[in-house]
Every structure is written in structure tokens, then in C-alpha cells.
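Asks: Just so it is clear, I am handing over run-v4.tsv, which has TSV, C-alpha atoms (C1' of nucleotides).
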```
chain	number	residue	atom	x	y	z
S	4	MET	CA	161.58	33.68	-141.62
S	5	GLN	CA	160.89	36.84	-139.74
S	6	VAL	CA	158.00	39.04	-140.73
S	7	LYS	CA	158.73	42.74	-140.42
S	8	LYS	CA	155.66	44.54	-139.17
S	9	SER	CA	155.04	48.04	-140.41
S	10	TYR	CA	153.18	48.97	-137.25
S	11	ARG	CA	154.23	48.84	-133.63
S	12	GLU	CA	152.62	46.83	-130.89
S	13	PRO	CA	151.15	49.10	-128.24
S	14	THR	CA	153.27	49.53	-125.15
S	15	PHE	CA	151.89	51.15	-122.06
S	16	ARG	CA	153.98	53.58	-120.06
S	17	CYS	CA	152.17	53.03	-116.79
S	18	SER	CA	148.85	52.13	-115.21
S	19	CYS	CA	147.22	55.53	-115.75
S	20	ALA	CA	144.07	55.25	-117.87
S	21	ILE	CA	144.62	58.60	-119.54
S	22	THR	CA	148.26	57.94	-120.35
S	23	SER	CA	147.32	54.51	-121.69
S	24	ALA	CA	144.77	56.08	-124.02
S	25	LEU	CA	147.50	58.37	-125.28
S	26	ASP	CA	149.86	55.43	-125.72
S	27	ILE	CA	147.44	54.38	-128.45
S	28	LEU	CA	145.82	57.59	-129.65
S	29	GLY	CA	148.58	60.07	-128.90
S	30	ASP	CA	149.82	60.85	-132.37
S	31	LYS	CA	148.95	63.04	-135.33
S	32	TRP	CA	146.85	60.48	-137.19
S	33	ALA	CA	144.84	57.97	-135.13
S	34	LEU	CA	142.03	60.33	-134.17
S	35	VAL	CA	142.07	62.03	-137.56
S	36	ILE	CA	141.31	58.64	-139.12
S	37	VAL	CA	138.54	58.03	-136.58
S	38	LYS	CA	137.13	61.48	-137.35
S	39	GLN	CA	137.13	60.84	-141.08
S	40	MET	CA	135.13	57.66	-140.57
S	41	LEU	CA	132.74	59.19	-138.08
S	42	PHE	CA	132.08	62.59	-139.66
S	43	GLU	CA	133.19	62.39	-143.25
S	44	GLY	CA	132.00	58.99	-144.37
S	45	ALA	CA	135.47	57.66	-145.16
S	46	GLU	CA	135.29	53.91	-145.72
S	47	THR	CA	137.87	52.88	-148.27
S	48	PHE	CA	141.62	53.33	-148.42
S	49	LYS	CA	141.09	55.77	-151.24
S	50	ASP	CA	138.59	57.84	-149.21
S	51	PHE	CA	141.26	58.44	-146.59
S	52	THR	CA	144.03	59.31	-149.01
S	53	GLU	CA	141.80	61.81	-150.78
S	54	SER	CA	140.89	63.67	-147.60
S	55	LYS	CA	142.11	67.21	-147.04
S	56	GLU	CA	144.66	66.02	-144.50
S	57	ARG	CA	146.49	64.17	-147.27
S	58	ILE	CA	147.71	61.26	-145.20
S	59	ALA	CA	150.58	59.40	-146.82
S	60	THR	CA	149.73	55.88	-147.91
S	61	ASN	CA	152.44	54.18	-145.86
S	62	ILE	CA	151.29	55.89	-142.67
S	63	LEU	CA	147.65	55.16	-143.47
S	64	SER	CA	148.37	51.53	-144.13
S	65	SER	CA	150.29	51.04	-140.89
S	66	LYS	CA	147.83	53.06	-138.77
S	67	LEU	CA	144.83	51.14	-140.10
S	68	LYS	CA	146.60	47.87	-139.27
S	69	PHE	CA	147.50	49.18	-135.84
S	70	LEU	CA	143.91	50.25	-135.10
S	71	GLU	CA	142.62	46.99	-136.54
S	72	GLY	CA	144.97	45.05	-134.27
S	73	LEU	CA	143.52	46.90	-131.28
S	74	GLY	CA	139.93	46.23	-132.25
S	75	ILE	CA	139.16	49.88	-132.94
S	76	VAL	CA	138.82	49.42	-136.70
S	77	LEU	CA	137.43	46.44	-138.62
S	78	LYS	CA	138.55	45.65	-142.14
S	79	SER	CA	136.23	43.84	-144.50
S	80	GLN	CA	135.89	43.28	-148.19
S	81	LYS	CA	133.39	45.23	-150.20
S	82	PRO	CA	130.77	42.69	-151.30
S	83	GLY	CA	131.15	41.73	-154.92
S	84	ASN	CA	134.54	43.43	-155.15
S	85	LYS	CA	137.75	41.60	-154.36
S	86	LYS	CA	139.89	44.72	-154.61
S	87	THR	CA	138.24	47.35	-152.48
S	88	ASN	CA	138.37	47.02	-148.71
S	89	TYR	CA	136.02	48.62	-146.27
S	90	TYR	CA	137.28	50.08	-143.01
S	91	HIS	CA	134.79	50.70	-140.26
S	92	LEU	CA	134.80	51.57	-136.60
S	93	THR	CA	134.03	48.82	-134.12
S	94	PRO	CA	132.01	49.64	-130.97
S	95	LYS	CA	135.36	50.40	-129.31
S	96	GLY	CA	136.07	52.88	-132.09
S	97	ILE	CA	132.58	54.37	-132.08
S	98	ALA	CA	133.01	54.92	-128.34
S	99	LEU	CA	135.66	57.52	-129.18
S	100	THR	CA	132.95	59.87	-130.42
S	101	PRO	CA	132.80	61.97	-127.21
S	102	VAL	CA	136.58	62.42	-127.26
S	103	VAL	CA	136.50	63.68	-130.84
S	104	VAL	CA	133.50	65.93	-130.16
S	105	GLU	CA	135.22	67.48	-127.11
S	106	LEU	CA	138.31	68.15	-129.22
S	107	ALA	CA	136.13	69.89	-131.80
S	108	LEU	CA	134.48	72.05	-129.14
S	109	TRP	CA	137.79	72.97	-127.53
S	110	SER	CA	139.26	73.80	-130.89
S	111	HIS	CA	136.41	76.06	-131.91
S	112	GLU	CA	136.61	77.98	-128.68
S	113	ASN	CA	140.36	78.10	-128.26
S	114	LEU	CA	142.13	77.62	-131.55
S	115	ARG	CA	140.39	79.95	-133.96
S	116	THR	CA	142.79	82.78	-133.23
S	117	LEU	CA	145.76	80.53	-133.95
S	118	ASN	CA	144.21	78.96	-137.02
S	119	PRO	CA	141.74	81.45	-138.50
S	120	THR	CA	140.86	79.03	-141.30
S	121	ILE	CA	138.75	77.11	-138.78
S	122	GLY	CA	135.30	78.32	-139.67
S	123	ASP	CA	132.55	79.58	-137.43
S	124	TYR	CA	130.11	76.76	-136.94
S	125	GLU	CA	126.68	77.91	-135.86
S	126	GLU	CA	125.37	74.52	-134.78
S	127	LEU	CA	128.13	74.33	-132.18
S	128	GLU	CA	126.22	76.29	-129.57
S	129	ASN	CA	123.38	73.80	-129.81
S	130	ILE	CA	125.77	70.89	-129.51
S	131	LYS	CA	127.28	72.46	-126.40
S	132	VAL	CA	123.98	72.56	-124.54
S	133	ASN	CA	123.46	68.84	-125.04
S	134	LYS	CA	126.67	67.06	-125.90
S	135	GLU	CA	125.41	63.77	-124.54
S	136	ASP	CA	122.47	63.71	-126.86
S	137	TYR	CA	124.47	64.90	-129.85
S	138	CYS	CA	127.07	62.16	-129.38
S	139	LYS	CA	124.40	59.52	-128.94
S	140	LYS	CA	122.74	60.53	-132.20
S	141	LEU	CA	126.04	60.62	-134.04
S	142	MET	CA	126.96	57.15	-132.85
S	143	GLU	CA	123.52	55.80	-133.68
S	144	ALA	CA	123.70	57.29	-137.16
S	145	TYR	CA	127.09	55.68	-137.76
S	146	ARG	CA	125.89	52.31	-136.53
S	147	LYS	CA	122.83	52.48	-138.74
S	148	LYS	CA	124.77	53.41	-141.84
S	149	ARG	CA	127.21	50.59	-141.20
S	150	ALA	CA	124.45	48.05	-140.67
S	151	SER	CA	122.90	48.89	-144.03
S	152	LEU	CA	125.81	47.58	-146.09
C	10	MET	CA	172.94	85.56	-133.64
C	11	GLN	CA	170.35	82.93	-134.31
C	12	VAL	CA	168.47	81.39	-131.43
C	13	LYS	CA	167.79	77.69	-131.90
C	14	LYS	CA	164.38	76.86	-130.53
C	15	SER	CA	163.92	73.50	-128.86
C	16	TYR	CA	160.24	73.44	-129.69
C	17	ARG	CA	158.42	73.67	-132.98
C	18	GLU	CA	155.94	76.32	-134.00
C	19	PRO	CA	152.50	74.88	-134.53
C	20	THR	CA	151.58	74.26	-138.14
C	21	PHE	CA	148.04	73.43	-139.13
C	22	ARG	CA	147.37	70.77	-141.73
C	23	CYS	CA	144.00	72.13	-142.79
C	24	SER	CA	140.94	74.02	-141.64
C	25	CYS	CA	139.38	71.13	-139.71
C	26	ALA	CA	138.89	71.96	-136.03
C	27	ILE	CA	139.59	68.42	-134.89
C	28	THR	CA	142.69	68.03	-136.99
C	29	SER	CA	143.92	71.42	-135.76
C	30	ALA	CA	143.51	70.32	-132.15
C	31	LEU	CA	145.60	67.27	-132.97
C	32	ASP	CA	148.21	69.43	-134.66
C	33	ILE	CA	148.85	70.76	-131.16
C	34	LEU	CA	147.82	67.97	-128.81
C	35	GLY	CA	148.46	64.96	-131.02
C	36	ASP	CA	151.56	63.51	-129.40
C	37	LYS	CA	152.53	61.31	-126.51
C	38	TRP	CA	153.10	64.09	-123.98
C	39	ALA	CA	150.97	67.23	-124.28
C	40	LEU	CA	147.82	65.80	-122.70
C	41	VAL	CA	149.82	63.79	-120.17
C	42	ILE	CA	151.30	67.06	-118.92
C	43	VAL	CA	147.83	68.64	-118.79
C	44	LYS	CA	146.55	65.62	-116.88
C	45	GLN	CA	149.37	65.83	-114.36
C	46	MET	CA	148.51	69.44	-113.63
C	47	LEU	CA	144.78	68.88	-113.51
C	48	PHE	CA	144.59	65.62	-111.57
C	49	GLU	CA	147.90	65.10	-109.86
C	50	GLY	CA	148.80	68.55	-108.62
C	51	ALA	CA	151.98	68.83	-110.68
C	52	GLU	CA	153.24	72.40	-110.56
C	53	THR	CA	157.02	72.46	-110.73
C	54	PHE	CA	159.49	71.02	-113.21
C	55	LYS	CA	160.47	68.50	-110.59
C	56	ASP	CA	156.87	67.39	-110.02
C	57	PHE	CA	156.61	66.42	-113.68
C	58	THR	CA	159.92	64.58	-113.84
C	59	GLU	CA	159.05	62.55	-110.75
C	60	SER	CA	155.71	61.36	-112.16
C	61	LYS	CA	155.19	57.71	-113.01
C	62	GLU	CA	155.39	58.49	-116.74
C	63	ARG	CA	159.05	59.45	-116.31
C	64	ILE	CA	159.12	62.17	-118.93
C	65	ALA	CA	162.64	63.04	-120.05
C	66	THR	CA	163.77	66.50	-119.03
C	67	ASN	CA	164.53	67.67	-122.57
C	68	ILE	CA	161.07	66.69	-123.80
C	69	LEU	CA	159.44	68.24	-120.74
C	70	SER	CA	161.34	71.47	-121.19
C	71	SER	CA	160.42	71.81	-124.85
C	72	LYS	CA	156.78	70.75	-124.37
C	73	LEU	CA	156.25	73.23	-121.54
C	74	LYS	CA	157.67	76.00	-123.71
C	75	PHE	CA	155.50	74.90	-126.61
C	76	LEU	CA	152.34	74.88	-124.47
C	77	GLU	CA	153.35	78.19	-122.92
C	78	GLY	CA	153.79	79.68	-126.38
C	79	LEU	CA	150.24	78.63	-127.23
C	80	GLY	CA	148.75	80.10	-124.09
C	81	ILE	CA	147.78	76.72	-122.65
C	82	VAL	CA	150.35	76.83	-119.84
C	83	LEU	CA	151.55	79.83	-117.85
C	84	LYS	CA	155.00	79.91	-116.28
C	85	SER	CA	155.61	81.98	-113.19
C	86	GLN	CA	158.15	82.16	-110.44
C	87	LYS	CA	157.43	80.69	-107.07
C	88	PRO	CA	157.16	83.64	-104.67
C	89	GLY	CA	160.23	83.96	-102.48
C	90	ASN	CA	162.12	81.44	-104.59
C	91	LYS	CA	164.16	82.55	-107.56
C	92	LYS	CA	164.95	79.01	-108.67
C	93	THR	CA	161.68	77.14	-108.71
C	94	ASN	CA	159.17	77.89	-111.43
C	95	TYR	CA	155.46	77.24	-111.28
C	96	TYR	CA	153.64	75.89	-114.28
C	97	HIS	CA	149.89	76.25	-114.37
C	98	LEU	CA	147.07	75.81	-116.82
C	99	THR	CA	145.52	78.94	-118.32
C	100	PRO	CA	141.75	79.03	-119.00
C	101	LYS	CA	142.57	77.61	-122.43
C	102	GLY	CA	144.37	74.74	-120.73
C	103	ILE	CA	141.68	74.21	-118.10
C	104	ALA	CA	139.17	73.99	-120.96
C	105	LEU	CA	140.82	70.71	-121.95
C	106	THR	CA	139.31	69.01	-118.90
C	107	PRO	CA	136.41	67.40	-120.80
C	108	VAL	CA	138.79	65.99	-123.40
C	109	VAL	CA	140.94	64.41	-120.72
C	110	VAL	CA	137.91	63.09	-118.82
C	111	GLU	CA	136.50	61.48	-121.97
C	112	LEU	CA	139.85	59.83	-122.62
C	113	ALA	CA	139.78	58.43	-119.08
C	114	LEU	CA	136.26	57.08	-119.53
C	115	TRP	CA	137.05	55.52	-122.89
C	116	SER	CA	140.19	53.98	-121.51
C	117	HIS	CA	138.46	52.42	-118.52
C	118	GLU	CA	135.81	50.88	-120.71
C	119	ASN	CA	137.93	49.84	-123.65
C	120	LEU	CA	141.56	49.48	-122.65
C	121	ARG	CA	141.53	47.42	-119.49
C	122	THR	CA	141.83	44.16	-121.40
C	123	LEU	CA	144.88	45.49	-123.26
C	124	ASN	CA	146.45	47.06	-120.19
C	125	PRO	CA	145.24	45.16	-117.12
C	126	THR	CA	147.29	47.38	-114.84
C	127	ILE	CA	144.62	50.04	-115.30
C	128	GLY	CA	142.66	49.69	-112.11
C	129	ASP	CA	138.97	49.45	-111.55
C	130	TYR	CA	137.75	52.87	-110.50
C	131	GLU	CA	134.42	52.74	-108.69
C	132	GLU	CA	133.66	56.45	-108.89
C	133	LEU	CA	133.66	56.22	-112.67
C	134	GLU	CA	130.07	55.09	-112.92
C	135	ASN	CA	129.01	58.19	-111.02
C	136	ILE	CA	131.11	60.40	-113.24
C	137	LYS	CA	129.50	58.86	-116.31
C	138	VAL	CA	125.99	59.81	-115.26
C	139	ASN	CA	126.95	63.45	-114.95
C	140	LYS	CA	130.12	64.24	-116.81
C	141	GLU	CA	129.19	67.87	-117.24
C	142	ASP	CA	128.92	68.45	-113.54
C	143	TYR	CA	132.05	66.46	-112.74
C	144	CYS	CA	134.13	68.46	-115.22
C	145	LYS	CA	132.75	71.73	-113.92
C	146	LYS	CA	133.70	70.82	-110.36
C	147	LEU	CA	137.14	69.68	-111.41
C	148	MET	CA	137.82	72.91	-113.27
C	149	GLU	CA	136.50	75.00	-110.42
C	150	ALA	CA	138.71	73.14	-107.94
C	151	TYR	CA	141.75	73.74	-110.12
C	152	ARG	CA	141.00	77.44	-110.48
C	153	LYS	CA	140.51	77.81	-106.76
C	154	LYS	CA	143.74	76.06	-105.89
C	155	ARG	CA	145.61	78.22	-108.37
C	156	ALA	CA	144.09	81.43	-107.06
C	157	SER	CA	145.22	80.64	-103.53
C	158	LEU	CA	148.92	80.97	-104.33
E	17	DT	C1'	140.40	40.28	-174.64
E	18	DA	C1'	144.27	43.28	-174.46
E	19	DA	C1'	145.26	47.85	-172.53
E	20	DA	C1'	144.35	51.17	-169.19
E	21	DA	C1'	142.82	52.49	-164.80
E	22	DT	C1'	142.13	51.79	-159.95
E	23	DA	C1'	142.75	50.15	-155.01
E	24	DA	C1'	145.68	48.87	-151.74
E	25	DC	C1'	149.52	48.33	-150.68
E	26	DT	C1'	155.42	48.22	-149.98
E	27	DT	C1'	160.05	50.15	-150.18
E	28	DG	C1'	163.73	53.44	-149.67
E	29	DC	C1'	165.36	57.39	-147.99
E	30	DA	C1'	165.11	62.02	-145.67
E	31	DA	C1'	163.45	64.66	-141.85
E	32	DA	C1'	161.48	65.25	-137.42
E	33	DA	C1'	160.29	63.71	-132.80
E	34	DT	C1'	161.53	61.14	-128.88
E	35	DG	C1'	164.58	58.83	-125.37
E	36	DC	C1'	168.72	58.49	-122.59
E	37	DA	C1'	172.80	60.00	-120.34
E	38	DA	C1'	175.54	63.45	-119.13
E	39	DG	C1'	176.42	67.77	-118.60
E	40	DT	C1'	175.72	73.18	-116.75
E	41	DA	C1'	174.11	77.35	-114.22
E	42	DA	C1'	171.75	79.51	-110.75
E	43	DT	C1'	169.99	79.30	-106.46
E	44	DA	C1'	169.22	77.20	-101.54
E	45	DT	C1'	170.61	74.62	-97.74
E	46	DT	C1'	173.86	72.85	-94.32
B	5	DA	C1'	182.45	77.32	-98.08
B	6	DA	C1'	180.71	72.92	-99.55
B	7	DT	C1'	176.79	70.36	-100.92
B	8	DA	C1'	172.37	69.72	-102.79
B	9	DT	C1'	168.52	71.03	-105.60
B	10	DT	C1'	165.94	72.89	-109.59
B	11	DA	C1'	165.61	73.84	-114.09
B	12	DC	C1'	167.40	73.49	-117.61
B	13	DT	C1'	170.85	72.24	-122.34
B	14	DT	C1'	173.61	69.21	-125.30
B	15	DG	C1'	174.87	65.19	-127.92
B	16	DC	C1'	173.76	61.09	-129.80
B	17	DA	C1'	170.91	56.89	-130.77
B	18	DT	C1'	166.44	55.26	-131.90
B	19	DT	C1'	161.83	55.61	-133.52
B	20	DT	C1'	158.26	57.77	-136.04
B	21	DT	C1'	156.70	60.37	-139.78
B	22	DG	C1'	156.77	62.25	-144.60
B	23	DC	C1'	157.44	61.96	-149.51
B	24	DA	C1'	158.17	59.81	-153.90
B	25	DA	C1'	158.32	55.99	-156.42
B	26	DG	C1'	157.45	51.49	-157.14
B	27	DT	C1'	154.41	46.78	-157.09
B	28	DT	C1'	150.49	43.57	-157.29
B	29	DA	C1'	145.93	42.27	-157.94
B	30	DT	C1'	141.67	43.40	-159.57
B	31	DT	C1'	138.21	45.88	-162.32
B	32	DT	C1'	136.88	48.73	-166.37
B	33	DT	C1'	137.06	50.33	-170.99
B	34	DA	C1'	137.95	50.21	-175.90
```
Take the structure from the file and write it as C-alpha cells.
Replies:
Amino acid sequence: MQVKKSYREPTFRCSCAITSALDILGDKWALVIVKQMLFEGAETFKDFTESKERIATNILSSKLKFLEGLGIVLKSQKPGNKKTNYYHLTPKGIALTPVVVELALWSHENLRTLNPTIGDYEELENIKVNKEDYCKKLMEAYRKKRASL
Amino acid sequence: MQVKKSYREPTFRCSCAITSALDILGDKWALVIVKQMLFEGAETFKDFTESKERIATNILSSKLKFLEGLGIVLKSQKPGNKKTNYYHLTPKGIALTPVVVELALWSHENLRTLNPTIGDYEELENIKVNKEDYCKKLMEAYRKKRASL
DNA sequence: TAAAATAACTTGCAAAATGCAAGTAATATT
DNA sequence: AATATTACTTGCATTTTGCAAGTTATTTTA
């Protein structure tokens, strides 16, 4: 019996590192999901569906499986609860922090005329002067929070 | 008479800066095109179609128009040639350099097991220790090259 | 402990994006 | 004048995404 998978296997267009990253992350949802975990504390399936992006459950389900299959996301069961699953970033997923932060910076500086609903974020100037440090702290904070489960 | 556009207008899912960036860049091609301009000297329609990613001409055409409409790419005519067009990154497009560089770094460290054709790139360790400087130099080099047309 | 609520899905179908092959139109070259 | 080149467009098949409505297995509440 054949099992129909709801998510695709990754295929790589060529040997370019950047293109290969986009073979995996180049869609509307993958990095949004990573962002929700990293910045917004999303952990459970429900957390994601309730976010302001309103991801559809079928897409969410298949993307989480896809990212899990790649070792970017790890699925585990909430202790003492057989129903609720936890989704967390693996080190490979946490390593995407600088990518997401750079997108945020670019967006704030270049997209606010196109999407005026993007707010002015004071802290941004401070982040800009030491991105490295900011990312490191963010990643450390995520790791810590995860470890304390 | 109605003009059928081959490219979509950008629509923003919400007020999140990161999600908004992905509303524009979250697909298989946008950042590949930016990369080709930034790192591989792609300037003309032909340059893009001959790249190793083998982008289809209809996709290329619509993506270039889309990016042009957003002020990320600027189209101009090659001097003394009425046929060939030049496509270049605007400051808004050049500002994507750090995003692309972070993708490259992440890919080299996390994707080489999945796509072994991604080569080992010695210089990468040096780039890692001073990303800021590397990006600045890259952007400056691109600007210079563009100015000398 | 039966009924209701919740979490994490799956399925079906419509719409949009992408991919491929084959055009076309306007230059440029021979 | 004939051929080649560049920058496209068009049509159609495939894949991905979006939306609404299920389904199943656990909790929770009355």
C-alpha cells in the first residue's frame, strides 16, 4: 500500500548554497513558522493557527512535517498530555535567526512605505549597531526557554 | 481595453515586518534573481536565462516586472543597443545583501549533508568573523560596477 | 461518567503559482 | 536580404496554496 505524503521531499535545483536554501525556505510559510517560534513563543499547533498570519491547518501540518523531516523542527509530546504536541526549533532551525533578523531590518527600512501598517520600532536602531550580539542573545534565550520544559 | 498583468500586486498578510518581507520575497525565485545580480554579474535577460538555475522565461519576465514595480530592480536600456535591456538592483535591492549572505552561511553550515553538491568554500570562515564588513564591501563593489556603465 | 470541548490532524475542491514548449516582434549581424 | 539574437508572450500541464468542512483521539466539565 502506498502512503501519500502531504509534504514534498526537498529537491535541489543546483549546487548553489543560496539557491539550495531557497529550495527549502523559499515559500510564504517556512520562515514565518520559524519566526513565530523564535519571536512569538509559538509551540503548539494551536499557537500557530491562532497567529495573526492565520495559516491554514493543512498547510501548517504539511510544513511542520517538512521542516521536521529536514531536522529544522523537532516534534515532541507535551509531558503529561497525550494530545498536545510541542514543536521546537533544532540547532539547525535556531541557526536561521540571523536570516530572520536581516529580513526584519530590511523590511523596516524598505517596506514601510509599501505596507504602512508595519510599525516604527525604536529598538531597531540599537539592534542595527550590534546585530551579532542581538542574534546571539535571541538564540541563547530560545535555547534556555526550551531547556526548561 | 483591459491589460492583463503577468505579475501580481503585492498583498500583505499582516503588520509583521518579517511576514511582509516574505510576502514579497517568499518564493523560489525572487532572491535567486537578486543573488545572480549581486554575485554572478547577471545584467541582461539572457544572463538570467543562461544561469545554472535555468529559470523559465515567463517566470523571469514576470518576476523582473514585479521586482521593478516594487523598486527593488531598475530596468534600463543598454546604451547604443535598442534591443538589450539592463536589469540592476536599486539601493532597496542592494540592501538585501545581508539577507542573501546569511542564507549562504546557513546553507553552508546546515545544508551540505542534504545537498552534497554544495561545495566547501574556504573563504566562508573569514566572512563569518566579519559579516558586516564583507557585506559592505560587496555592496560597494556592486554600486561601483553599476556606476561605471 | 456521559457530554462537550479541544488539539491535531485529513480531505476535497478551487485558485494561484510555477514549469515547459512553442511561439512572436524588434533589433543586430552577416 | 537572410539569419541570428534578445526579450519577451501564450497556452497548457503540474504543483502549491487556500478555504471549508470533516475526523479522531484525548482532556475537561457538568
Asks: Mind checking which residues fall within 9 Å of C:Val110, counting all atoms listed in the file, ignoring those fewer than 2 positions away in the same chain, and posting them as a list in words?
Replies: Ile21 and Val102 of chain S; Leu105, Thr106, Pro107, Val108, Leu112, Ala113, Leu114, Trp115, Lys140 and Cys144 of chain C
Asks: Could you tell me how far atom CA of C:Leu98 lies from atom CA of C:Phe54, in Å and to one decimal?
Replies: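 Distance reported for this atom pair: 13.8 Å.
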Asks: Using only C-alpha atoms (C1' of nucleotides), find each residue of stretch 64-129 of chain C with at least one atom at most 9 Å away from an atom of stretch 35-46 of chain E; report its shortest atom-to-atom pair and that distance in Å (one decimal), sort the rows by chain and rising residue number, and return the result as a Markdown table.
Replies:
```
| residue | atom | partner | partner_atom | distance |
| --- | --- | --- | --- | --- |
| C:Ala65 | CA | E:DG35 | C1' | 7.1 |
| C:Ile68 | CA | E:DG35 | C1' | 8.8 |
| C:Asn90 | CA | E:DT43 | C1' | 8.4 |
| C:Lys91 | CA | E:DT43 | C1' | 6.8 |
| C:Lys92 | CA | E:DT43 | C1' | 5.5 |
| C:Thr93 | CA | E:DT43 | C1' | 8.9 |
```
Asks: Of the candidates B:DA34, B:DA11, B:DA17, B:DA5, which shows the shortest atom-to-atom distance to chain C, using only C-alpha atoms (C1' of nucleotides)?
Replies: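 Closest to chain C of all the choices is B:DA11.
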Asks: How many Å lie between atom CA of C:Leu83 and atom CA of C:Thr99, rounded to one decimal?
Replies: 6.1 Å
Asks: Please identify all polymer residues within 9 Å of stretch 26-34 of chain E, counting all atoms listed in the file, omitting same-chain residues fewer than 2 positions from it, and present them as a ChimeraX atom specification.
Replies: /S:61 /C:68 /B:18-23,25-27
Asks: List every residue of chain S that has an atom at most 12 Å from any atom of chain E, and for each one report the closest atom pair and its distance in Å to one decimal, counting only C-alpha atoms (C1' of nucleotides), with rows sorted by chain and then by increasing residue number, as CSV.
Replies:
```
residue,atom,partner,partner_atom,distance
S:Lys7,CA,E:DT26,C1',11.5
S:Lys8,CA,E:DT26,C1',11.4
S:Ser9,CA,E:DT26,C1',9.6
S:Asp30,CA,E:DA33,C1',10.9
S:Lys31,CA,E:DA33,C1',11.6
S:Thr47,CA,E:DA23,C1',8.8
S:Phe48,CA,E:DA24,C1',6.9
S:Lys49,CA,E:DA23,C1',7.0
S:Asp50,CA,E:DA23,C1',10.5
S:Phe51,CA,E:DA24,C1',11.7
S:Thr52,CA,E:DA24,C1',10.9
S:Ala59,CA,E:DC25,C1',11.8
S:Thr60,CA,E:DC25,C1',8.0
S:Asn61,CA,E:DT26,C1',7.8
S:Ile62,CA,E:DC25,C1',11.2
S:Leu63,CA,E:DC25,C1',10.1
S:Ser64,CA,E:DC25,C1',7.4
S:Ser65,CA,E:DC25,C1',10.2
S:Leu67,CA,E:DA24,C1',11.9
S:Lys68,CA,E:DC25,C1',11.8
S:Gln80,CA,E:DA24,C1',11.8
S:Lys81,CA,E:DA23,C1',11.6
S:Asn84,CA,E:DA23,C1',10.6
S:Lys85,CA,E:DA23,C1',9.9
S:Lys86,CA,E:DA23,C1',6.2
S:Thr87,CA,E:DA23,C1',5.9
S:Asn88,CA,E:DA24,C1',8.1
S:Tyr89,CA,E:DA24,C1',11.1
```
Asks: One decimal, Å: what's the distance from atom CA of S:Tyr145 over to atom CA of S:Lys55, could you say?
Replies: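 About the pair atom CA of S:Tyr145 and atom CA of S:Lys55: they are 21.1 Å apart.
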Asks: Near chain C, meaning an atom within 9 Å, which residues of chain B appear when counting all atoms listed in the file? Write them as a list in words.
Replies: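 On the chain B side, the interface is DT10, DA11, DC12 and DT13 of chain B.
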Asks: Quick one: which residues from chain C are at most 9 Å off chain S, using all atoms listed in the file, as number ranges by chain?
Replies: C: 19-41, 44, 61-63, 79, 101, 104-105, 107-121, 123-128
Asks: Could you please take those selected residues and save C-alpha atoms as a compact mmCIF listing (two decimals), in the frame of the given file?
Replies:
```
# COMPACT_ATOMS: atom_id res chain seq x y z
CA PRO C 19 152.50 74.88 -134.53
CA THR C 20 151.58 74.26 -138.14
CA PHE C 21 148.04 73.43 -139.13
CA ARG C 22 147.37 70.77 -141.73
CA CYS C 23 144.00 72.13 -142.79
CA SER C 24 140.94 74.02 -141.64
CA CYS C 25 139.38 71.13 -139.71
CA ALA C 26 138.89 71.96 -136.03
CA ILE C 27 139.59 68.42 -134.89
CA THR C 28 142.69 68.03 -136.99
CA SER C 29 143.92 71.42 -135.76
CA ALA C 30 143.51 70.32 -132.15
CA LEU C 31 145.60 67.27 -132.97
CA ASP C 32 148.21 69.43 -134.66
CA ILE C 33 148.85 70.76 -131.16
CA LEU C 34 147.82 67.97 -128.81
CA GLY C 35 148.46 64.96 -131.02
CA ASP C 36 151.56 63.51 -129.40
CA LYS C 37 152.53 61.31 -126.51
CA TRP C 38 153.10 64.09 -123.98
CA ALA C 39 150.97 67.23 -124.28
CA LEU C 40 147.82 65.80 -122.70
CA VAL C 41 149.82 63.79 -120.17
CA LYS C 44 146.55 65.62 -116.88
CA LYS C 61 155.19 57.71 -113.01
CA GLU C 62 155.39 58.49 -116.74
CA ARG C 63 159.05 59.45 -116.31
CA LEU C 79 150.24 78.63 -127.23
CA LYS C 101 142.57 77.61 -122.43
CA ALA C 104 139.17 73.99 -120.96
CA LEU C 105 140.82 70.71 -121.95
CA PRO C 107 136.41 67.40 -120.80
CA VAL C 108 138.79 65.99 -123.40
CA VAL C 109 140.94 64.41 -120.72
CA VAL C 110 137.91 63.09 -118.82
CA GLU C 111 136.50 61.48 -121.97
CA LEU C 112 139.85 59.83 -122.62
CA ALA C 113 139.78 58.43 -119.08
CA LEU C 114 136.26 57.08 -119.53
CA TRP C 115 137.05 55.52 -122.89
CA SER C 116 140.19 53.98 -121.51
CA HIS C 117 138.46 52.42 -118.52
CA GLU C 118 135.81 50.88 -120.71
CA ASN C 119 137.93 49.84 -123.65
CA LEU C 120 141.56 49.48 -122.65
CA ARG C 121 141.53 47.42 -119.49
CA LEU C 123 144.88 45.49 -123.26
CA ASN C 124 146.45 47.06 -120.19
CA PRO C 125 145.24 45.16 -117.12
CA THR C 126 147.29 47.38 -114.84
CA ILE C 127 144.62 50.04 -115.30
CA GLY C 128 142.66 49.69 -112.11
```
Asks: Pick the closest to S:Lys148 from S:Phe69, S:Glu12, S:His91, S:Ser54: which is it, counting all atoms listed in the file?
Replies: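 Distance minimum relative to S:Lys148 lands on S:His91.
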